[in-house]
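In what follows, a single structure is set out as structure tokens and then discussed.
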Amino acid sequence: GAVVSQHPSWVICKSGTSVKIECRSLDFQATTMFWYRQFPKQSLMLMATSNEGSKATYEQGVEKDKFLINHASLTLSTLTVTSAHPEDSSFYICSARVLVGGAINTGELFFGEGSRLTVL
Amino acid sequence: LAKTTQPISMDSYEGQEVNITCSHNNIATNDYITWYQQFPSQGPRFIIQGYKTKVTNEVASLFIPADRKSSTLSLPRVSLSDTAVYYCLVGAATSGTYKYIFGTGTRLKVLA
């Protein structure tokens, strides 16, 4: 199956600093990627939809100036957590959609390994 | 928006068949149903996908009734390594984009 890779897998930073997380589709092109965050024992929460070459679409309640998303190429999307604070500590997961037969609805999502952010 | 509802948790014993049902009453005509498995500190992993009736692969079966308002993931002869959270996912077309909202998932615990 298609492979989605995230880097770094874990990061620790000081409060007030910015952290960038990369999401790469290794063997396919992804026009659309999705960013989720997950707190312990909870489900994945969609943060934003990342579209190649255009601005990301953020979910309600997600601060776009704090969580900067860039999807500059068909294989790379980045999430930058700006001025991180301890409450931003979470597990961040990206996914990319693979179209099947050209139909969006049948697209299978492939997920990265996740990136655990700890803000001290 | 097609919201999914699943039991929060289930327990089973090794070697038993496990059936996890998901409700998705507002599923759209063109939407597929996809099931994922997630282990702690890992991204979800694809299990199976279907549109209607029955789909089977090497790890699971998916049963979807004619009205498609629910689906059942069947895991044959589970083992301890199947302990994980299982999510059913239905896409949602909204505001010109198509996205995927996770429900609570079902936390399956397999006992020896």
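Chain lettering (A, B, ...) mirrors the order of the structure tokens, residue numbering begins at 1 for each chain separately, and ligand numbering begins at 1 in order of display.
Residues in contact range of Phe111 in chain A, defined as at most 7 Å between only C-alpha atoms, with sequence neighbours fewer than 4 positions away removed, read Val4, Cys94, Ser95 and Ala96 of chain A; Gly43, Pro44 and Arg45 of chain B.
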Could you give me, as a list of chain:residue names, the residues within 10 Å of Ser25 in chain A, counting only C-alpha atoms and dropping anything in the same chain fewer than 6 positions from it?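 Result of the neighbour search: A:Ala2, A:Val3, A:Val4, A:Ser5, A:Gln6, A:Met33, A:Leu74, A:Thr75, A:Leu76, A:Ser77, A:Ser95, A:Ala96, A:Arg97, A:Phe110, A:Phe111, A:Gly112.
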Writing out the chosen residues with N, CA and C atoms as a compact mmCIF listing (two decimals), in the first residue's frame:
```txt
# COMPACT_ATOMS: atom_id res chain seq x y z
N ALA A 2 0.18 2.39 -0.16
CA ALA A 2 0.86 3.67 -0.18
C ALA A 2 1.48 3.97 1.19
N VAL A 3 2.59 4.68 1.17
CA VAL A 3 3.31 4.97 2.41
C VAL A 3 3.33 6.47 2.66
N VAL A 4 2.97 6.82 3.89
CA VAL A 4 3.02 8.20 4.33
C VAL A 4 4.00 8.27 5.50
N SER A 5 4.95 9.15 5.40
CA SER A 5 5.99 9.24 6.42
C SER A 5 5.94 10.59 7.12
N GLN A 6 6.06 10.56 8.43
CA GLN A 6 6.10 11.79 9.22
C GLN A 6 7.45 11.95 9.90
N MET A 33 -4.03 16.38 1.80
CA MET A 33 -3.59 15.73 3.02
C MET A 33 -4.42 16.29 4.18
N LEU A 74 3.32 18.03 -4.25
CA LEU A 74 2.38 16.91 -4.24
C LEU A 74 2.81 15.79 -3.31
N THR A 75 3.97 15.92 -2.70
CA THR A 75 4.43 14.87 -1.80
C THR A 75 4.78 15.37 -0.40
N LEU A 76 4.57 16.65 -0.14
CA LEU A 76 4.99 17.19 1.15
C LEU A 76 4.00 18.21 1.68
N SER A 77 3.60 17.98 2.91
CA SER A 77 2.80 18.96 3.65
C SER A 77 3.48 19.16 5.00
N SER A 95 -2.48 12.41 7.19
CA SER A 95 -2.93 11.36 6.29
C SER A 95 -3.08 11.92 4.89
N ALA A 96 -2.97 11.06 3.93
CA ALA A 96 -3.12 11.45 2.55
C ALA A 96 -4.12 10.53 1.88
N ARG A 97 -4.85 11.10 0.98
CA ARG A 97 -5.89 10.33 0.31
C ARG A 97 -5.40 9.80 -1.03
N PHE A 110 -4.33 6.94 3.89
CA PHE A 110 -3.14 6.34 4.47
C PHE A 110 -2.57 7.32 5.49
N PHE A 111 -2.20 6.78 6.63
CA PHE A 111 -1.78 7.62 7.73
C PHE A 111 -0.28 7.52 7.98
N GLY A 112 0.28 8.64 8.43
CA GLY A 112 1.65 8.62 8.87
C GLY A 112 1.76 7.97 10.24
```
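Residue nearest Asp31 in chain B within the list B:Gly103, B:Ser81, B:Leu89, B:Asn57: B:Leu89 [criterion: smallest interatomic distance, only C-alpha atoms].
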Return as a PyMOL selection string the full set of residues in range 67-119 of chain A whose backbone-based DSSP assignment is strand (DSSP E). chain A and resi 67-73+76-81+90-100+103-111+115-119
Interface, chain B side, toward chain A (9 Å; only C-alpha atoms) as a list in words: Asn30, Asp31, Tyr32, Ile33, Thr34, Pro40, Ser41, Gln42, Gly43, Pro44, Arg45, Phe46, Gln49, Gly50, Tyr51, Tyr87, Val90, Gly91, Ala92, Ala93, Thr97, Tyr98, Lys99, Tyr100, Ile101, Phe102, Gly103, Thr104 and Gly105 of chain B
Show me, as a VMD selection string, the residues that have an atom within 8 Å of Phe67 in chain A when counting only C-alpha atoms, minus same-chain residues fewer than 2 positions from it. chain A and resid 62 to 65 69 79 to 82
Kindly export the residues of the current selection with N, CA and C atoms, as a PDB file, in the first residue's frame.
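That gives us result.pdb:
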```pdb
ATOM      1  N   VAL A  62      -9.939  25.714  15.363  1.00  0.00           N
ATOM      2  CA  VAL A  62      -8.496  25.530  15.181  1.00  0.00           C
ATOM      3  C   VAL A  62      -7.892  26.845  14.699  1.00  0.00           C
ATOM      4  N   GLU A  63      -6.920  27.344  15.442  1.00  0.00           N
ATOM      5  CA  GLU A  63      -6.319  28.640  15.115  1.00  0.00           C
ATOM      6  C   GLU A  63      -5.351  28.506  13.946  1.00  0.00           C
ATOM      7  N   LYS A  64      -5.683  29.103  12.837  1.00  0.00           N
ATOM      8  CA  LYS A  64      -4.829  28.969  11.656  1.00  0.00           C
ATOM      9  C   LYS A  64      -3.512  29.704  11.801  1.00  0.00           C
ATOM     10  N   ASP A  65      -3.473  30.732  12.638  1.00  0.00           N
ATOM     11  CA  ASP A  65      -2.212  31.456  12.828  1.00  0.00           C
ATOM     12  C   ASP A  65      -1.279  30.714  13.774  1.00  0.00           C
ATOM     13  N   ILE A  69      -0.060  25.546   8.097  1.00  0.00           N
ATOM     14  CA  ILE A  69       0.037  24.395   7.225  1.00  0.00           C
ATOM     15  C   ILE A  69       0.445  24.857   5.839  1.00  0.00           C
ATOM     16  N   LEU A  79       3.252  20.997   8.987  1.00  0.00           N
ATOM     17  CA  LEU A  79       2.471  21.631  10.040  1.00  0.00           C
ATOM     18  C   LEU A  79       3.446  22.295  10.988  1.00  0.00           C
ATOM     19  N   THR A  80       3.322  23.585  11.160  1.00  0.00           N
ATOM     20  CA  THR A  80       4.175  24.306  12.092  1.00  0.00           C
ATOM     21  C   THR A  80       3.339  24.791  13.265  1.00  0.00           C
ATOM     22  N   VAL A  81       3.720  24.356  14.441  1.00  0.00           N
ATOM     23  CA  VAL A  81       3.053  24.826  15.656  1.00  0.00           C
ATOM     24  C   VAL A  81       3.850  26.031  16.130  1.00  0.00           C
ATOM     25  N   THR A  82       3.271  27.197  16.050  1.00  0.00           N
ATOM     26  CA  THR A  82       3.979  28.416  16.398  1.00  0.00           C
ATOM     27  C   THR A  82       3.755  28.784  17.861  1.00  0.00           C
TER      28      THR A  82
END
```
Residue neighbourhood Val78 in chain B, 10 Å, only C-alpha atoms, exclusion window fewer than 6 positions, as a list in words: Ser12, Tyr13, Glu14, Gly15, Gln16, Glu17, Val18, Val59, Lys109, Val110 and Leu111 of chain B
